Amino acid sequence: MSSIEDFRVKIREWLHTHLTGDFADLRGRGGPGREHEAFAERLAWERHMAAAGWTCVGWPKKYGGRGATLEQQIAFHEEYALADGPTRVNHIGEQLLGPTLIAFGTPAQRERFLPPIVAAEELWCQGYSEPDAGSDLAGVRTRAERDGDEWVVIGQKIWTSLAHASDWCFVIARTEPGSLRHQGLSYLLVPLGQPGVEIRPITQLTGTSEFNEVFFDGARTAASHVVGAPGEGWKVAMATLGFERGVSTLGQQVGFRRELEAIIQRAKQNGAASDPLIRDRIARAWSGLEIIRFNALRMLEGIAGGAPGPEASIGKIFWATWHRELGELAMDVCGTEGMLTTGYPYELTDFQRLFLFSRSDTIYAGSNEIQRNIIAERVLGLPKESSVTARPGA
């Protein structure tokens with residue numbers, strides 16, 4: 001066998017052996033609209049993986065990772081998804097902040113923050129969006145002021161995934177008074193368990209609350225907890241968004257394929273497959289899923305060379321739109337039965353949850369409109385819109 005096949009067998013056998021006993025019931029738990037499911041148990045599983053060296057597999061060995069090649073990382077995420085492993089609770093720390101600190105952090109920051117991420121001892125959330133600055137990250141109003149050896153943070157973030165379960169938040173804040181847009185922003189690492197931080201869960205269409213509002217009213221963090229130079233946080237923040245489009249999306253696509261297969265099965269069972277329009281949409285969905293995979297593999301070449309480029313926006317806009325349309329297809333296949341919940345007061349089927357949560361896919365992590373601007377201006381080199389008519393984030 002090739003080294004990649006050997007690696008696949010190794011992780012496959014480990015998962016088969018360890019997703020048993022107390023962890024057996026975790027298969028398939030968690031995910032969009034279901035992050036509340038068995039959270040404590042999934043965290044215990046994460047730490048079990050860490051003890052065996054299966055967290056942060058793509059990180060360099062000197063930072064606690066396995067130093068896995070890109071091909072091995074792809075194999076890991078695909079095999080994990082194929083084994084129906086529970087949704088990871090440490091994704092934001094492992095896939096977003098960790099690579100950002102490896103690329104831009106100081107030695108002291110790496111020494112302080114990377115080991116607890118590897119061990120799943122500290123969980124992270126992302127403090128980007130605000131009520132008046134969603135995809136318009138350059139319009140943030142949260143500010144941080146220097147007070148001796150600390151930063152004092154004042155402002156509000158919204159749509160902060162898993163903030164209620166997190167220990168730390170990486171926050172984009174304006175640290176230069178009077179600065180505008182991309183200038184004067186800093187990338188701060190802020191502890192959440194302190195006075196001056198209030199977290200309020202937001203009830204979603206799915207009835208669950210994995211998104212939150214986070215209020216900072218005099219919260220403090222050490223002056224050394226700024227990643228990159230003060231005032232140069234935009235570059236760091238953009239790199240983090242690029243890492244978000246990284247190799248773990250290959251595992252996400254295994255989940256997409258399961259959803260599509262379930263829709264096809266339902267269409268065969270209830271006769272919807274006899275509708276030529278439904279059959280055409282199913283065929284288009286299958287083709288689109290193949291395109292997502294090939295495009296993701298192509299985009300990963302940029303990430304393999306360091307911080308990813310703006311081309312990563314191509315993959316995000318494609319899979320987000322595809323997945324939203326898959327949710328619509330699921331409801332059309334279900335027909336009128338898709339209008340009924342399965343239990344009181346709001347117990348949803350998998351298809352209903354897919355439809356409702358996928359509405360957010362084209363909004364979070366950069367809306368479709370913002371992705372189109374990025375592709376137009378930074379990939380294709382088209383002229384920027386004027387300052388009068390420009391969309392936020394352009």
# chains A, B, ... in the order shown; residues from 1 in each chain; ligands from 1
call {"tool": "select_by_dssp", "arguments": {"residues": "segment 165-256 of chain A", "states": "alpha helix (DSSP H)", "output": "ChimeraX atom specification"}}
result
/A:233-244,249-256
call {"tool": "write_last_selection", "arguments": {"atoms": "all heavy atoms", "output": "compact mmCIF listing (two decimals), in the first residue's frame"}}
result
# COMPACT_ATOMS: atom_id res chain seq x y z
N GLY A 233 -4.41 44.41 12.20
CA GLY A 233 -5.22 43.21 12.39
C GLY A 233 -5.98 42.75 11.16
O GLY A 233 -6.38 41.58 11.09
N TRP A 234 -6.17 43.65 10.20
CA TRP A 234 -6.93 43.26 9.01
C TRP A 234 -6.25 42.11 8.27
O TRP A 234 -6.90 41.13 7.88
CB TRP A 234 -7.09 44.45 8.07
CG TRP A 234 -7.88 44.14 6.82
CD1 TRP A 234 -7.39 43.90 5.58
CD2 TRP A 234 -9.29 43.99 6.72
NE1 TRP A 234 -8.40 43.62 4.70
CE2 TRP A 234 -9.59 43.67 5.38
CE3 TRP A 234 -10.34 44.11 7.63
CZ2 TRP A 234 -10.90 43.47 4.93
CZ3 TRP A 234 -11.64 43.90 7.19
CH2 TRP A 234 -11.90 43.59 5.86
N LYS A 235 -4.94 42.20 8.10
CA LYS A 235 -4.20 41.16 7.39
C LYS A 235 -4.33 39.82 8.13
O LYS A 235 -4.53 38.77 7.50
CB LYS A 235 -2.73 41.56 7.27
CG LYS A 235 -1.84 40.50 6.62
CD LYS A 235 -0.42 40.99 6.48
CE LYS A 235 0.26 41.16 7.81
NZ LYS A 235 1.71 41.52 7.66
N VAL A 236 -4.22 39.85 9.43
CA VAL A 236 -4.32 38.63 10.22
C VAL A 236 -5.73 38.07 10.14
O VAL A 236 -5.92 36.85 9.97
CB VAL A 236 -3.93 38.91 11.69
CG1 VAL A 236 -3.98 37.62 12.50
CG2 VAL A 236 -2.54 39.54 11.77
N ALA A 237 -6.72 38.94 10.24
CA ALA A 237 -8.12 38.49 10.18
C ALA A 237 -8.44 37.83 8.85
O ALA A 237 -9.16 36.83 8.79
CB ALA A 237 -9.05 39.67 10.42
N MET A 238 -7.92 38.38 7.75
CA MET A 238 -8.17 37.80 6.44
C MET A 238 -7.50 36.44 6.30
O MET A 238 -8.04 35.52 5.68
CB MET A 238 -7.67 38.75 5.34
CG MET A 238 -8.47 40.04 5.22
SD MET A 238 -10.24 39.79 4.87
CE MET A 238 -10.96 39.96 6.52
N ALA A 239 -6.34 36.29 6.90
CA ALA A 239 -5.67 34.99 6.86
C ALA A 239 -6.49 33.94 7.61
O ALA A 239 -6.63 32.80 7.16
CB ALA A 239 -4.27 35.10 7.46
N THR A 240 -7.06 34.33 8.75
CA THR A 240 -7.90 33.40 9.51
C THR A 240 -9.08 32.94 8.67
O THR A 240 -9.43 31.74 8.67
CB THR A 240 -8.40 34.07 10.80
OG1 THR A 240 -7.29 34.45 11.60
CG2 THR A 240 -9.29 33.13 11.59
N LEU A 241 -9.72 33.87 7.96
CA LEU A 241 -10.84 33.49 7.10
C LEU A 241 -10.40 32.52 6.02
O LEU A 241 -11.15 31.62 5.63
CB LEU A 241 -11.47 34.73 6.47
CG LEU A 241 -12.25 35.65 7.42
CD1 LEU A 241 -12.76 36.87 6.67
CD2 LEU A 241 -13.41 34.90 8.08
N GLY A 242 -9.20 32.70 5.52
CA GLY A 242 -8.69 31.77 4.51
C GLY A 242 -8.48 30.38 5.09
O GLY A 242 -8.83 29.37 4.46
N PHE A 243 -7.93 30.31 6.32
CA PHE A 243 -7.74 29.01 6.96
C PHE A 243 -9.08 28.32 7.19
O PHE A 243 -9.17 27.09 7.19
CB PHE A 243 -7.00 29.17 8.29
CG PHE A 243 -5.55 29.52 8.13
CD1 PHE A 243 -5.04 30.67 8.72
CD2 PHE A 243 -4.70 28.71 7.40
CE1 PHE A 243 -3.70 31.01 8.58
CE2 PHE A 243 -3.35 29.04 7.25
CZ PHE A 243 -2.85 30.20 7.84
N GLU A 244 -10.13 29.12 7.38
CA GLU A 244 -11.47 28.57 7.60
C GLU A 244 -11.95 27.78 6.38
O GLU A 244 -12.80 26.91 6.50
CB GLU A 244 -12.44 29.71 7.91
CG GLU A 244 -13.81 29.26 8.35
CD GLU A 244 -14.69 30.42 8.78
OE1 GLU A 244 -14.41 31.58 8.37
OE2 GLU A 244 -15.64 30.20 9.54
N THR A 249 -12.85 21.07 5.18
CA THR A 249 -14.05 21.09 4.32
C THR A 249 -14.21 19.79 3.55
O THR A 249 -15.32 19.48 3.11
CB THR A 249 -13.98 22.27 3.33
OG1 THR A 249 -12.83 22.12 2.50
CG2 THR A 249 -13.91 23.60 4.06
N LEU A 250 -13.14 19.01 3.40
CA LEU A 250 -13.27 17.72 2.71
C LEU A 250 -14.13 16.76 3.54
O LEU A 250 -14.90 15.98 2.99
CB LEU A 250 -11.89 17.11 2.45
CG LEU A 250 -11.17 17.50 1.15
CD1 LEU A 250 -11.97 17.07 -0.05
CD2 LEU A 250 -10.86 18.99 1.09
N GLY A 251 -14.00 16.83 4.85
CA GLY A 251 -14.87 16.04 5.71
C GLY A 251 -16.30 16.53 5.66
O GLY A 251 -17.25 15.73 5.68
N GLN A 252 -16.47 17.83 5.59
CA GLN A 252 -17.80 18.42 5.48
C GLN A 252 -18.54 17.87 4.26
O GLN A 252 -19.75 17.60 4.32
CB GLN A 252 -17.65 19.94 5.37
CG GLN A 252 -18.95 20.71 5.15
CD GLN A 252 -18.67 22.16 4.80
OE1 GLN A 252 -17.90 22.46 3.89
NE2 GLN A 252 -19.26 23.07 5.55
N GLN A 253 -17.80 17.66 3.18
CA GLN A 253 -18.43 17.18 1.95
C GLN A 253 -18.92 15.74 2.06
O GLN A 253 -19.86 15.35 1.38
CB GLN A 253 -17.46 17.33 0.79
CG GLN A 253 -17.20 18.78 0.43
CD GLN A 253 -15.96 18.96 -0.41
OE1 GLN A 253 -15.65 18.11 -1.24
NE2 GLN A 253 -15.26 20.06 -0.20
N VAL A 254 -18.30 14.95 2.94
CA VAL A 254 -18.82 13.60 3.18
C VAL A 254 -20.22 13.71 3.79
O VAL A 254 -21.13 12.95 3.44
CB VAL A 254 -17.87 12.82 4.10
CG1 VAL A 254 -18.48 11.46 4.48
CG2 VAL A 254 -16.52 12.61 3.42
N GLY A 255 -20.39 14.66 4.70
CA GLY A 255 -21.71 14.89 5.27
C GLY A 255 -22.70 15.36 4.22
O GLY A 255 -23.87 14.93 4.23
N PHE A 256 -22.26 16.23 3.33
CA PHE A 256 -23.13 16.67 2.23
C PHE A 256 -23.60 15.48 1.39
O PHE A 256 -24.76 15.39 0.99
CB PHE A 256 -22.39 17.66 1.33
CG PHE A 256 -22.14 19.02 1.94
CD1 PHE A 256 -21.33 19.94 1.29
CD2 PHE A 256 -22.70 19.38 3.15
CE1 PHE A 256 -21.10 21.19 1.83
CE2 PHE A 256 -22.47 20.64 3.70
CZ PHE A 256 -21.66 21.54 3.04
call {"tool": "closest_atom_pairs", "arguments": {"of": "segment 69-114 of chain A", "to": "segment 148-163 of chain A", "cutoff": "12 Å", "atoms": "only C-alpha atoms", "output": "tab-separated table"}}
result
residue	atom	partner	partner_atom	distance
A:Arg88	CA	A:Leu162	CA	11.8
A:Val89	CA	A:Leu162	CA	8.8
A:Asn90	CA	A:Leu162	CA	10.0
A:His91	CA	A:Leu162	CA	10.5
A:Ile92	CA	A:Ser161	CA	9.1
A:Gly93	CA	A:Leu162	CA	11.5
call {"tool": "write_last_selection", "arguments": {"atoms": "C-alpha atoms", "output": "PDB file, in the first residue's frame"}}
result
ATOM      1  CA  ARG A  88     -15.599  18.369  16.630  1.00  0.00           C
ATOM      2  CA  VAL A  89     -16.021  20.899  19.441  1.00  0.00           C
ATOM      3  CA  ASN A  90     -12.517  22.331  19.018  1.00  0.00           C
ATOM      4  CA  HIS A  91     -12.796  23.249  15.328  1.00  0.00           C
ATOM      5  CA  ILE A  92     -12.356  27.012  15.740  1.00  0.00           C
ATOM      6  CA  GLY A  93      -9.232  26.685  17.855  1.00  0.00           C
TER       7      GLY A  93
END
call {"tool": "closest_residue", "arguments": {"among": "A:Thr336, A:Ser287, A:Thr362, A:Ser224", "to": "Arg112 of chain A", "atoms": "only C-alpha atoms"}}
result
A:Ser224
call {"tool": "closest_residue", "arguments": {"among": "A:Pro99, A:Gly327, A:Gly127, A:Gly231", "to": "Val190 of chain A", "atoms": "only C-alpha atoms"}}
result
A:Gly127
call {"tool": "closest_residue", "arguments": {"among": "A:Leu96, A:Ala223, A:Ala120, A:Leu137", "to": "Phe170 of chain A", "atoms": "only C-alpha atoms"}}
result
A:Leu96
call {"tool": "residues_around", "arguments": {"residues": "Ser3 of chain A", "least_positions_apart": "5", "cutoff": "12 Å", "atoms": "only C-alpha atoms", "output": "ChimeraX atom specification"}}
result
/A:8-10,68-69,71-72,75
call {"tool": "write_last_selection", "arguments": {"atoms": "all heavy atoms", "output": "mmCIF file, in the first residue's frame"}}
result
data_model
loop_
_atom_site.group_PDB
_atom_site.id
_atom_site.type_symbol
_atom_site.label_atom_id
_atom_site.label_comp_id
_atom_site.auth_asym_id
_atom_site.auth_seq_id
_atom_site.Cartn_x
_atom_site.Cartn_y
_atom_site.Cartn_z
ATOM 1 N N ARG A 8 -4.604 6.105 5.904
ATOM 2 C CA ARG A 8 -6.064 5.931 5.954
ATOM 3 C C ARG A 8 -6.429 4.709 6.801
ATOM 4 O O ARG A 8 -7.348 4.760 7.629
ATOM 5 C CB ARG A 8 -6.636 5.772 4.546
ATOM 6 C CG ARG A 8 -6.808 7.070 3.775
ATOM 7 C CD ARG A 8 -7.566 6.844 2.478
ATOM 8 N NE ARG A 8 -7.750 8.080 1.740
ATOM 9 C CZ ARG A 8 -8.755 8.936 1.938
ATOM 10 N NH1 ARG A 8 -9.659 8.674 2.868
ATOM 11 N NH2 ARG A 8 -8.845 10.031 1.227
ATOM 12 N N VAL A 9 -5.731 3.629 6.588
ATOM 13 C CA VAL A 9 -6.009 2.411 7.358
ATOM 14 C C VAL A 9 -5.771 2.661 8.842
ATOM 15 O O VAL A 9 -6.549 2.220 9.697
ATOM 16 C CB VAL A 9 -5.149 1.243 6.844
ATOM 17 C CG1 VAL A 9 -5.240 0.045 7.795
ATOM 18 C CG2 VAL A 9 -5.588 0.836 5.443
ATOM 19 N N LYS A 10 -4.718 3.391 9.158
ATOM 20 C CA LYS A 10 -4.369 3.651 10.552
ATOM 21 C C LYS A 10 -5.468 4.430 11.257
ATOM 22 O O LYS A 10 -5.907 4.036 12.356
ATOM 23 C CB LYS A 10 -3.047 4.416 10.616
ATOM 24 C CG LYS A 10 -2.523 4.637 12.025
ATOM 25 C CD LYS A 10 -1.153 5.300 11.980
ATOM 26 C CE LYS A 10 -0.591 5.469 13.399
ATOM 27 N NZ LYS A 10 0.759 6.097 13.376
ATOM 28 N N ALA A 68 1.302 16.208 9.556
ATOM 29 C CA ALA A 68 0.744 15.466 8.432
ATOM 30 C C ALA A 68 0.826 16.266 7.137
ATOM 31 O O ALA A 68 0.670 17.490 7.131
ATOM 32 C CB ALA A 68 -0.720 15.097 8.705
ATOM 33 N N THR A 69 1.090 15.573 6.048
ATOM 34 C CA THR A 69 1.088 16.220 4.740
ATOM 35 C C THR A 69 -0.344 16.611 4.377
ATOM 36 O O THR A 69 -1.315 16.178 5.021
ATOM 37 C CB THR A 69 1.629 15.273 3.664
ATOM 38 O OG1 THR A 69 0.718 14.158 3.541
ATOM 39 C CG2 THR A 69 3.016 14.765 4.030
ATOM 40 N N GLU A 71 -2.040 15.615 1.841
ATOM 41 C CA GLU A 71 -2.768 14.403 1.472
ATOM 42 C C GLU A 71 -3.210 13.625 2.702
ATOM 43 O O GLU A 71 -4.309 13.075 2.748
ATOM 44 C CB GLU A 71 -1.895 13.526 0.571
ATOM 45 C CG GLU A 71 -1.625 14.107 -0.813
ATOM 46 C CD GLU A 71 -0.502 15.133 -0.814
ATOM 47 O OE1 GLU A 71 0.114 15.366 0.271
ATOM 48 O OE2 GLU A 71 -0.229 15.713 -1.887
ATOM 49 N N GLN A 72 -2.365 13.579 3.716
ATOM 50 C CA GLN A 72 -2.731 12.885 4.947
ATOM 51 C C GLN A 72 -3.846 13.618 5.693
ATOM 52 O O GLN A 72 -4.740 12.992 6.267
ATOM 53 C CB GLN A 72 -1.500 12.740 5.849
ATOM 54 C CG GLN A 72 -0.482 11.735 5.341
ATOM 55 C CD GLN A 72 0.782 11.726 6.189
ATOM 56 O OE1 GLN A 72 1.194 12.755 6.739
ATOM 57 N NE2 GLN A 72 1.412 10.564 6.297
ATOM 58 N N ALA A 75 -7.012 12.763 4.014
ATOM 59 C CA ALA A 75 -7.391 11.396 4.387
ATOM 60 C C ALA A 75 -7.988 11.369 5.783
ATOM 61 O O ALA A 75 -9.003 10.687 6.033
ATOM 62 C CB ALA A 75 -6.179 10.479 4.298
#
call {"tool": "closest_atom_pairs", "arguments": {"of": "segment 66-162 of chain A", "to": "segment 38-51 of chain A", "cutoff": "12 Å", "atoms": "only C-alpha atoms", "output": "CSV"}}
result
residue,atom,partner,partner_atom,distance
A:Arg66,CA,A:Ala50,CA,11.0
A:Tyr80,CA,A:Met49,CA,11.5
A:Gly85,CA,A:Arg42,CA,9.7
A:Pro86,CA,A:Arg42,CA,6.8
A:Thr87,CA,A:Arg42,CA,7.7
A:Arg88,CA,A:Glu46,CA,7.0
A:Val89,CA,A:Leu43,CA,6.3
A:Asn90,CA,A:Glu46,CA,7.5
A:His91,CA,A:Glu46,CA,10.2
A:Glu94,CA,A:Glu46,CA,11.3
A:Pro115,CA,A:Ala50,CA,10.5
A:Pro116,CA,A:Ala50,CA,10.2
A:Ile117,CA,A:Ala50,CA,9.3
A:Val118,CA,A:Ala50,CA,6.4
A:Ala119,CA,A:Ala50,CA,5.3
A:Ala120,CA,A:Arg47,CA,5.6
A:Glu121,CA,A:Arg47,CA,7.7
A:Glu122,CA,A:Leu43,CA,10.5
A:Leu123,CA,A:Leu43,CA,9.6
A:Leu162,CA,A:Phe39,CA,10.6
call {"tool": "write_last_selection", "arguments": {"atoms": "C-alpha atoms", "output": "PDB file, in the first residue's frame"}}
result
ATOM      1  CA  ARG A  66       1.477  15.271  13.654  1.00  0.00           C
ATOM      2  CA  TYR A  80     -13.337  10.754  10.295  1.00  0.00           C
ATOM      3  CA  GLY A  85     -17.416  10.677  14.098  1.00  0.00           C
ATOM      4  CA  PRO A  86     -19.136  13.316  16.264  1.00  0.00           C
ATOM      5  CA  THR A  87     -18.781  16.921  15.174  1.00  0.00           C
ATOM      6  CA  ARG A  88     -15.599  18.369  16.630  1.00  0.00           C
ATOM      7  CA  VAL A  89     -16.021  20.899  19.441  1.00  0.00           C
ATOM      8  CA  ASN A  90     -12.517  22.331  19.018  1.00  0.00           C
ATOM      9  CA  HIS A  91     -12.796  23.249  15.328  1.00  0.00           C
ATOM     10  CA  GLU A  94      -7.690  23.901  15.787  1.00  0.00           C
ATOM     11  CA  PRO A 115      -0.701  23.376  23.703  1.00  0.00           C
ATOM     12  CA  PRO A 116      -4.164  23.878  25.294  1.00  0.00           C
ATOM     13  CA  ILE A 117      -5.720  23.763  21.809  1.00  0.00           C
ATOM     14  CA  VAL A 118      -3.913  20.516  21.003  1.00  0.00           C
ATOM     15  CA  ALA A 119      -5.106  19.057  24.324  1.00  0.00           C
ATOM     16  CA  ALA A 120      -8.662  20.449  23.884  1.00  0.00           C
ATOM     17  CA  GLU A 121      -8.303  22.109  27.266  1.00  0.00           C
ATOM     18  CA  GLU A 122      -9.243  25.598  26.032  1.00  0.00           C
ATOM     19  CA  LEU A 123     -12.016  26.240  23.507  1.00  0.00           C
ATOM     20  CA  LEU A 162     -20.281  28.463  20.580  1.00  0.00           C
TER      21      LEU A 162
END
call {"tool": "closest_residue", "arguments": {"among": "A:Glu213, A:Arg27, A:Leu189, A:Ala173", "to": "Leu82 of chain A", "atoms": "only C-alpha atoms"}}
result
A:Arg27
call {"tool": "atom_distance", "arguments": {"atom1": "atom CA of Cys334 of chain A", "atom2": "atom CA of Leu26 of chain A"}}
result
27.5 Å
call {"tool": "residues_around", "arguments": {"residues": "segment 181-184 of chain A", "least_positions_apart": "2", "cutoff": "10 Å", "atoms": "only C-alpha atoms", "output": "JSON, numbers by chain"}}
result
{"A": [136, 137, 138, 139, 140, 141, 143, 173, 174, 175, 176, 177, 178, 179, 186, 230, 231, 232, 233, 234, 235, 392, 393]}
call {"tool": "closest_residue", "arguments": {"among": "A:Phe23, A:Trp168, A:Phe211, A:Phe7", "to": "Ser360 of chain A", "atoms": "only C-alpha atoms"}}
result
A:Phe211
call {"tool": "select_by_dssp", "arguments": {"residues": "segment 96-315 of chain A", "states": "strand (DSSP E or B)", "output": "JSON, numbers by chain"}}
result
{"A": [124, 125, 126, 127, 130, 133, 143, 144, 145, 146, 147, 150, 151, 152, 153, 154, 155, 156, 157, 168, 169, 170, 171, 172, 173, 174, 185, 186, 187, 188, 189, 190, 191, 197, 198, 199, 200, 201, 202, 211, 212, 213, 214, 215, 216, 217, 218, 219, 220, 221, 222, 226, 227, 232]}
call {"tool": "atom_distance", "arguments": {"atom1": "atom CA of Gln265 of chain A", "atom2": "atom CA of Phe76 of chain A"}}
result
27.8 Å
